[in-house]
Amino acid sequence: MNIALVIFHADPSRGGAERYTVDLARSLARLGHEVTLLASAFADVPEGVKAVALDTDAMGRTARYVRFLDSLDLHLAGRRYDIVHAMLPVRQCDVYHPHAGIAAESMRAGHLRHRDPVRRVLAMVGTKLNRKRRRFAWVERRLLNSESPPVVLCLSDYVRSAVRRHYALPDGRLFPLFNGVDLDRFDPEKAAPRVAAMRARWNLAAGRVAALLMAQDFERKGLAQAIQALRSLDGTVSLVVVGRDRTGPYRKLAQDLGVGPQVVFAGASDDPAACYAAADFFVLPTRHDPCSLVVLEALAMGLPVISTAQNGACEIMTRGREGFVLDDPGDVAALAGAMKAMLDAERRREMSRACLALRPKLSQEAHVRRLLQAYRQAAHVHP
């Protein structure tokens, strides 16, 4: 098939949808498909994949997005693809893949991801005033309410429910597709030789229990709650924070709570597999995640997980088997209780074995096979 993948930045170092798109391009190209990345900027373009730069020369984020859409339309008018697979709202595509969730849902309830009432009000006002978010939602609405809407990839039942709240799409336009993991890259045996160096980089003593939180949006992913939970653990756990975001407020919070020495701010990492291998369990008390890829990567690495019912990735877990799924992301006491349970080394080993048993279901190969079914369904819808 001749496939176009549309993303604003085709740069895997940004994580999330950006890393997914580049990894997907590589997987599809290896299967013999003709793959083109359509983006405004690129990094680490896989061998055998074409890269077409779309123009975003404009002032302001909203104007750059509109210019991106104009450039995409111009390109598609002069080129025929079997499938156009878009990772963000665009004016035309065959497959729509809302990694961060439906834009309409973000406009309606995005402020509810904040626990503090004042921040909720500020976020609600900010969302209404945010021109780019409004434009995202408007473009998405035009796309999904059109006479011939694309197939929407639903990363979880959590996402499917959100789609149905806003759009009256027939079942044939909703396609369930769980995220996949590159099992060759995320292999605990291959990462094992790098564990000692990673723990030394984190300045962790031998035998020290390490909880790993990997994220780019610390506020939404529940870093504050994870730090607060440390107070109940009597200094027995170090929380290692990997990712790019402002650390100042969280360093202060940790110091104010008397747990500053227990929190390691490691910054971004180009070796996430070694990070998972060097930790004892993974914690992500997120308030909203359609299907967190880091949780699936942790499971594939045999790392027990603590996350929330607001994370679609947890749908593959059985509570108490591969880890713990919290009903309320803001329940610090429940989070602390789950973290205390992870202090039992034998329990962690049992959970690790259960995590590793999920690897076949988590494979990128299975994900791509399923995605190709969605492509064929989309091609039938848009012949």
# chains A, B, ... in the order shown; residues from 1 in each chain; ligands from 1

call {"tool": "residues_around", "arguments": {"residues": "Arg246 (chain A)", "least_positions_apart": "5", "cutoff": "10 Å", "atoms": "only C-alpha atoms", "output": "number ranges by chain"}}
result
A: 216-219, 251, 267

call {"tool": "residues_around", "arguments": {"residues": "Glu140 (chain A)", "least_positions_apart": "2", "cutoff": "8 Å", "atoms": "only C-alpha atoms", "output": "MDAnalysis selection string"}}
result
chainID A and resid 89:91 103:104 136:138 142:144

call {"tool": "write_last_selection", "arguments": {"atoms": "C-alpha atoms", "output": "mmCIF file, in the first residue's frame"}}
result
data_model
loop_
_atom_site.group_PDB
_atom_site.id
_atom_site.type_symbol
_atom_site.label_atom_id
_atom_site.label_comp_id
_atom_site.auth_asym_id
_atom_site.auth_seq_id
_atom_site.Cartn_x
_atom_site.Cartn_y
_atom_site.Cartn_z
ATOM 1 C CA PRO A 89 -7.272 16.891 13.217
ATOM 2 C CA VAL A 90 -6.970 17.639 9.499
ATOM 3 C CA ARG A 91 -9.446 18.540 6.789
ATOM 4 C CA ALA A 103 -10.474 17.316 20.665
ATOM 5 C CA ALA A 104 -14.159 17.891 21.379
ATOM 6 C CA PHE A 136 -8.437 21.832 16.523
ATOM 7 C CA ALA A 137 -11.962 21.094 17.747
ATOM 8 C CA TRP A 138 -13.563 22.929 14.819
ATOM 9 C CA ARG A 142 -15.983 19.277 10.334
ATOM 10 C CA LEU A 143 -14.028 16.089 9.631
ATOM 11 C CA LEU A 144 -16.123 13.684 11.720
#

call {"tool": "residues_around", "arguments": {"residues": "Arg194 (chain A)", "least_positions_apart": "2", "cutoff": "12 Å", "atoms": "only C-alpha atoms", "output": "short mmCIF file (atom, residue, chain, number, x, y, z; two decimals) with N, CA and C atoms, in the first residue's frame"}}
result
data_model
loop_
_atom_site.label_atom_id
_atom_site.label_comp_id
_atom_site.auth_asym_id
_atom_site.auth_seq_id
_atom_site.Cartn_x
_atom_site.Cartn_y
_atom_site.Cartn_z
N ASP A 187 13.11 -5.20 25.64
CA ASP A 187 13.39 -6.57 26.03
C ASP A 187 14.21 -6.53 27.32
N PRO A 188 13.68 -7.05 28.42
CA PRO A 188 14.40 -6.94 29.70
C PRO A 188 15.77 -7.60 29.68
N GLU A 189 15.93 -8.69 28.94
CA GLU A 189 17.24 -9.35 28.89
C GLU A 189 18.27 -8.48 28.19
N LYS A 190 17.86 -7.82 27.10
CA LYS A 190 18.80 -6.97 26.38
C LYS A 190 19.17 -5.72 27.19
N ALA A 191 18.23 -5.24 27.99
CA ALA A 191 18.48 -4.02 28.77
C ALA A 191 19.25 -4.30 30.06
N ALA A 192 19.29 -5.56 30.49
CA ALA A 192 19.89 -5.90 31.79
C ALA A 192 21.33 -5.40 31.95
N ALA A 196 22.99 -1.36 35.85
CA ALA A 196 23.90 -0.82 36.87
C ALA A 196 24.29 0.61 36.55
N ALA A 197 24.58 0.88 35.28
CA ALA A 197 24.97 2.24 34.89
C ALA A 197 23.82 3.21 35.07
N MET A 198 22.60 2.77 34.77
CA MET A 198 21.45 3.65 34.92
C MET A 198 21.19 3.97 36.39
N ARG A 199 21.26 2.96 37.24
CA ARG A 199 21.04 3.20 38.67
C ARG A 199 22.14 4.07 39.26
N ALA A 200 23.37 3.91 38.75
CA ALA A 200 24.46 4.77 39.21
C ALA A 200 24.20 6.22 38.78
N ARG A 201 23.67 6.39 37.59
CA ARG A 201 23.33 7.73 37.11
C ARG A 201 22.27 8.35 38.01
N ASP A 271 17.22 6.28 26.46
CA ASP A 271 17.25 4.83 26.67
C ASP A 271 16.14 4.43 27.65
N PRO A 272 14.87 4.58 27.23
CA PRO A 272 13.77 4.24 28.15
C PRO A 272 13.78 2.78 28.59
N ALA A 273 14.25 1.88 27.74
CA ALA A 273 14.26 0.46 28.11
C ALA A 273 15.13 0.24 29.35
N ALA A 274 16.28 0.89 29.40
CA ALA A 274 17.16 0.76 30.56
C ALA A 274 16.52 1.39 31.79
N CYS A 275 15.75 2.45 31.60
CA CYS A 275 15.04 3.08 32.73
C CYS A 275 14.05 2.11 33.35
N TYR A 276 13.27 1.44 32.50
CA TYR A 276 12.31 0.46 33.01
C TYR A 276 13.04 -0.68 33.74
N ALA A 277 14.13 -1.15 33.11
CA ALA A 277 14.85 -2.29 33.68
C ALA A 277 15.49 -1.95 35.02
N ALA A 278 15.86 -0.68 35.20
CA ALA A 278 16.55 -0.26 36.43
C ALA A 278 15.59 0.03 37.57
N ALA A 279 14.29 0.10 37.29
CA ALA A 279 13.29 0.42 38.32
C ALA A 279 12.68 -0.86 38.89
#

call {"tool": "closest_residue", "arguments": {"among": "A:Asp44, A:Arg349, A:Arg61, A:His99", "to": "Asp11 (chain A)", "atoms": "only C-alpha atoms"}}
result
A:Asp44

call {"tool": "residues_around", "arguments": {"residues": "Lys252 (chain A)", "least_positions_apart": "5", "cutoff": "12 Å", "atoms": "only C-alpha atoms", "output": "list in words"}}
result
Ala224, Ile227, Gln228, Arg246, Thr247, Leu257, Gly258, Val259, Gly260, Pro261 and Val263 of chain A

call {"tool": "residues_around", "arguments": {"residues": "Gly323 (chain A)", "least_positions_apart": "3", "cutoff": "8 Å", "atoms": "only C-alpha atoms", "output": "PyMOL selection string"}}
result
chain A and resi 304-306+317-320+351

call {"tool": "atom_distance", "arguments": {"atom1": "CA of Ser161 (chain A)", "atom2": "CA of Val95 (chain A)"}}
result
18.1 Å

call {"tool": "select_by_dssp", "arguments": {"residues": "region 3-76 of chain A", "states": "alpha helix (DSSP H)", "output": "PyMOL selection string"}}
result
chain A and resi 16-30+61-76

call {"tool": "write_last_selection", "arguments": {"atoms": "N, CA, C and O atoms", "output": "short mmCIF file (atom, residue, chain, number, x, y, z; two decimals), in the first residue's frame"}}
result
data_model
loop_
_atom_site.label_atom_id
_atom_site.label_comp_id
_atom_site.auth_asym_id
_atom_site.auth_seq_id
_atom_site.Cartn_x
_atom_site.Cartn_y
_atom_site.Cartn_z
N GLY A 16 5.41 10.06 22.84
CA GLY A 16 3.99 10.01 22.49
C GLY A 16 3.71 9.74 21.03
O GLY A 16 4.28 8.84 20.40
N ALA A 17 2.81 10.56 20.47
CA ALA A 17 2.38 10.38 19.07
C ALA A 17 3.53 10.53 18.10
O ALA A 17 3.57 9.86 17.06
N GLU A 18 4.47 11.43 18.42
CA GLU A 18 5.60 11.65 17.51
C GLU A 18 6.48 10.40 17.42
O GLU A 18 6.87 9.98 16.32
N ARG A 19 6.79 9.81 18.57
CA ARG A 19 7.60 8.58 18.54
C ARG A 19 6.82 7.44 17.90
O ARG A 19 7.37 6.66 17.11
N TYR A 20 5.54 7.34 18.21
CA TYR A 20 4.71 6.30 17.61
C TYR A 20 4.72 6.39 16.09
O TYR A 20 4.86 5.37 15.39
N THR A 21 4.58 7.59 15.55
CA THR A 21 4.47 7.77 14.10
C THR A 21 5.74 7.34 13.39
O THR A 21 5.69 6.65 12.36
N VAL A 22 6.89 7.72 13.92
CA VAL A 22 8.15 7.34 13.30
C VAL A 22 8.36 5.83 13.41
O VAL A 22 8.79 5.18 12.44
N ASP A 23 8.04 5.25 14.56
CA ASP A 23 8.17 3.79 14.73
C ASP A 23 7.22 3.05 13.78
O ASP A 23 7.59 2.02 13.20
N LEU A 24 6.01 3.58 13.62
CA LEU A 24 5.05 2.95 12.71
C LEU A 24 5.55 3.02 11.27
O LEU A 24 5.44 2.04 10.52
N ALA A 25 6.10 4.17 10.88
CA ALA A 25 6.64 4.31 9.53
C ALA A 25 7.70 3.24 9.27
O ALA A 25 7.74 2.62 8.20
N ARG A 26 8.56 3.02 10.26
CA ARG A 26 9.61 2.01 10.13
C ARG A 26 9.00 0.62 9.96
O ARG A 26 9.42 -0.16 9.08
N SER A 27 8.02 0.28 10.78
CA SER A 27 7.39 -1.05 10.73
C SER A 27 6.70 -1.29 9.40
O SER A 27 6.82 -2.36 8.80
N LEU A 28 5.97 -0.28 8.91
CA LEU A 28 5.26 -0.43 7.64
C LEU A 28 6.23 -0.57 6.48
O LEU A 28 6.00 -1.36 5.54
N ALA A 29 7.32 0.20 6.51
CA ALA A 29 8.31 0.12 5.44
C ALA A 29 8.97 -1.26 5.42
O ALA A 29 9.24 -1.81 4.34
N ARG A 30 9.23 -1.82 6.58
CA ARG A 30 9.85 -3.15 6.65
C ARG A 30 8.94 -4.22 6.07
O ARG A 30 9.42 -5.27 5.59
N ARG A 61 0.88 30.04 16.97
CA ARG A 61 0.63 28.61 16.88
C ARG A 61 -0.59 28.27 16.03
O ARG A 61 -0.56 27.32 15.25
N THR A 62 -1.65 29.04 16.18
CA THR A 62 -2.85 28.77 15.40
C THR A 62 -2.61 28.99 13.93
O THR A 62 -3.01 28.18 13.08
N ALA A 63 -1.92 30.08 13.60
CA ALA A 63 -1.63 30.38 12.20
C ALA A 63 -0.72 29.32 11.59
O ALA A 63 -0.88 28.94 10.43
N ARG A 64 0.24 28.81 12.38
CA ARG A 64 1.12 27.75 11.87
C ARG A 64 0.33 26.47 11.60
O ARG A 64 0.57 25.77 10.61
N TYR A 65 -0.61 26.17 12.48
CA TYR A 65 -1.46 24.99 12.28
C TYR A 65 -2.31 25.13 11.03
O TYR A 65 -2.40 24.20 10.21
N VAL A 66 -2.91 26.30 10.83
CA VAL A 66 -3.73 26.53 9.63
C VAL A 66 -2.88 26.44 8.38
O VAL A 66 -3.29 25.86 7.37
N ARG A 67 -1.66 27.01 8.46
CA ARG A 67 -0.76 26.93 7.30
C ARG A 67 -0.37 25.48 7.01
O ARG A 67 -0.27 25.08 5.86
N PHE A 68 -0.18 24.70 8.07
CA PHE A 68 0.10 23.27 7.94
C PHE A 68 -1.04 22.57 7.20
O PHE A 68 -0.82 21.78 6.27
N LEU A 69 -2.28 22.88 7.59
CA LEU A 69 -3.44 22.28 6.93
C LEU A 69 -3.51 22.68 5.46
O LEU A 69 -3.82 21.84 4.59
N ASP A 70 -3.26 23.95 5.17
CA ASP A 70 -3.27 24.42 3.78
C ASP A 70 -2.23 23.68 2.96
O ASP A 70 -2.49 23.25 1.83
N SER A 71 -1.03 23.55 3.52
CA SER A 71 0.06 22.87 2.82
C SER A 71 -0.26 21.40 2.60
O SER A 71 0.04 20.83 1.54
N LEU A 72 -0.89 20.78 3.60
CA LEU A 72 -1.29 19.37 3.46
C LEU A 72 -2.31 19.22 2.35
O LEU A 72 -2.20 18.31 1.50
N ASP A 73 -3.31 20.07 2.32
CA ASP A 73 -4.33 20.00 1.27
C ASP A 73 -3.72 20.16 -0.11
O ASP A 73 -4.09 19.45 -1.06
N LEU A 74 -2.77 21.08 -0.22
CA LEU A 74 -2.11 21.31 -1.51
C LEU A 74 -1.34 20.08 -1.94
O LEU A 74 -1.39 19.67 -3.11
N HIS A 75 -0.64 19.46 -0.99
CA HIS A 75 0.12 18.25 -1.31
C HIS A 75 -0.81 17.10 -1.73
O HIS A 75 -0.56 16.41 -2.73
N LEU A 76 -1.90 16.91 -0.98
CA LEU A 76 -2.80 15.80 -1.28
C LEU A 76 -3.53 16.00 -2.61
O LEU A 76 -3.91 15.02 -3.27
#

call {"tool": "closest_residue", "arguments": {"among": "A:Asp234, A:Glu34, A:Asp182, A:Glu297", "to": "Met214 (chain A)", "atoms": "only C-alpha atoms"}}
result
A:Glu297

call {"tool": "atom_distance", "arguments": {"atom1": "CA of Arg164 (chain A)", "atom2": "CA of Val152 (chain A)"}}
result
11.1 Å

call {"tool": "residues_around", "arguments": {"residues": "Ser363 (chain A)", "least_positions_apart": "3", "cutoff": "6 Å", "atoms": "only C-alpha atoms", "output": "list in words"}}
result
Gly180, Val181, Leu183, Pro360 and Ala366 of chain A

call {"tool": "closest_residue", "arguments": {"among": "A:Asp280, A:Arg135, A:Ala254, A:Gly101", "to": "Glu346 (chain A)", "atoms": "only C-alpha atoms"}}
result
A:Asp280

call {"tool": "residues_around", "arguments": {"residues": "Ala379 (chain A)", "least_positions_apart": "3", "cutoff": "10 Å", "atoms": "only C-alpha atoms", "output": "list in words"}}
result
Asp82, Ile83, Val84, Asp94, Val95, Pro150, Val151, Gln373, Ala374, Tyr375, Arg376, His382 and Pro383 of chain A

call {"tool": "write_last_selection", "arguments": {"atoms": "N, CA and C atoms", "output": "compact mmCIF listing (two decimals), in the first residue's frame"}}
result
# COMPACT_ATOMS: atom_id res chain seq x y z
N ASP A 82 -3.04 5.51 -1.09
CA ASP A 82 -4.08 4.54 -0.78
C ASP A 82 -4.72 4.86 0.56
N ILE A 83 -3.88 5.32 1.51
CA ILE A 83 -4.36 5.65 2.85
C ILE A 83 -3.65 6.91 3.34
N VAL A 84 -4.44 7.84 3.84
CA VAL A 84 -3.89 9.00 4.56
C VAL A 84 -4.29 8.82 6.02
N ASP A 94 -8.20 9.38 5.59
CA ASP A 94 -8.94 8.12 5.59
C ASP A 94 -9.03 7.51 6.97
N VAL A 95 -7.99 7.77 7.78
CA VAL A 95 -7.91 7.23 9.13
C VAL A 95 -7.52 8.35 10.07
N PRO A 150 -13.78 9.76 8.25
CA PRO A 150 -12.74 8.72 8.25
C PRO A 150 -13.04 7.63 9.27
N VAL A 151 -12.30 6.56 9.18
CA VAL A 151 -12.30 5.56 10.24
C VAL A 151 -11.53 6.14 11.42
N GLN A 373 -5.73 -4.01 9.04
CA GLN A 373 -7.15 -4.30 8.88
C GLN A 373 -7.96 -3.00 8.85
N ALA A 374 -7.57 -2.05 9.69
CA ALA A 374 -8.26 -0.75 9.69
C ALA A 374 -8.05 -0.04 8.36
N TYR A 375 -6.84 -0.15 7.81
CA TYR A 375 -6.56 0.47 6.50
C TYR A 375 -7.47 -0.13 5.43
N ARG A 376 -7.60 -1.46 5.45
CA ARG A 376 -8.43 -2.11 4.44
C ARG A 376 -9.89 -1.70 4.61
N HIS A 382 -13.68 4.43 1.67
CA HIS A 382 -13.30 5.50 0.74
C HIS A 382 -12.57 4.88 -0.47
N PRO A 383 -13.30 4.26 -1.35
CA PRO A 383 -12.67 3.59 -2.50
C PRO A 383 -12.01 4.60 -3.42

call {"tool": "select_by_dssp", "arguments": {"residues": "region 16-200 of chain A", "states": "strand (DSSP E)", "output": "list in words"}}
result
Glu34, Val35, Thr36, Leu37, Leu38, Ala39, Ala41, Phe42, Lys50, Ala51, Val52, Ala53, Ile83, Val84, His85, Ala86, Val95, Tyr96, Val151, Val152, Leu153, Cys154, Leu174, Phe175 and Pro176 of chain A

call {"tool": "atom_distance", "arguments": {"atom1": "CA of Pro329 (chain A)", "atom2": "CA of Cys355 (chain A)"}}
result
22.0 Å
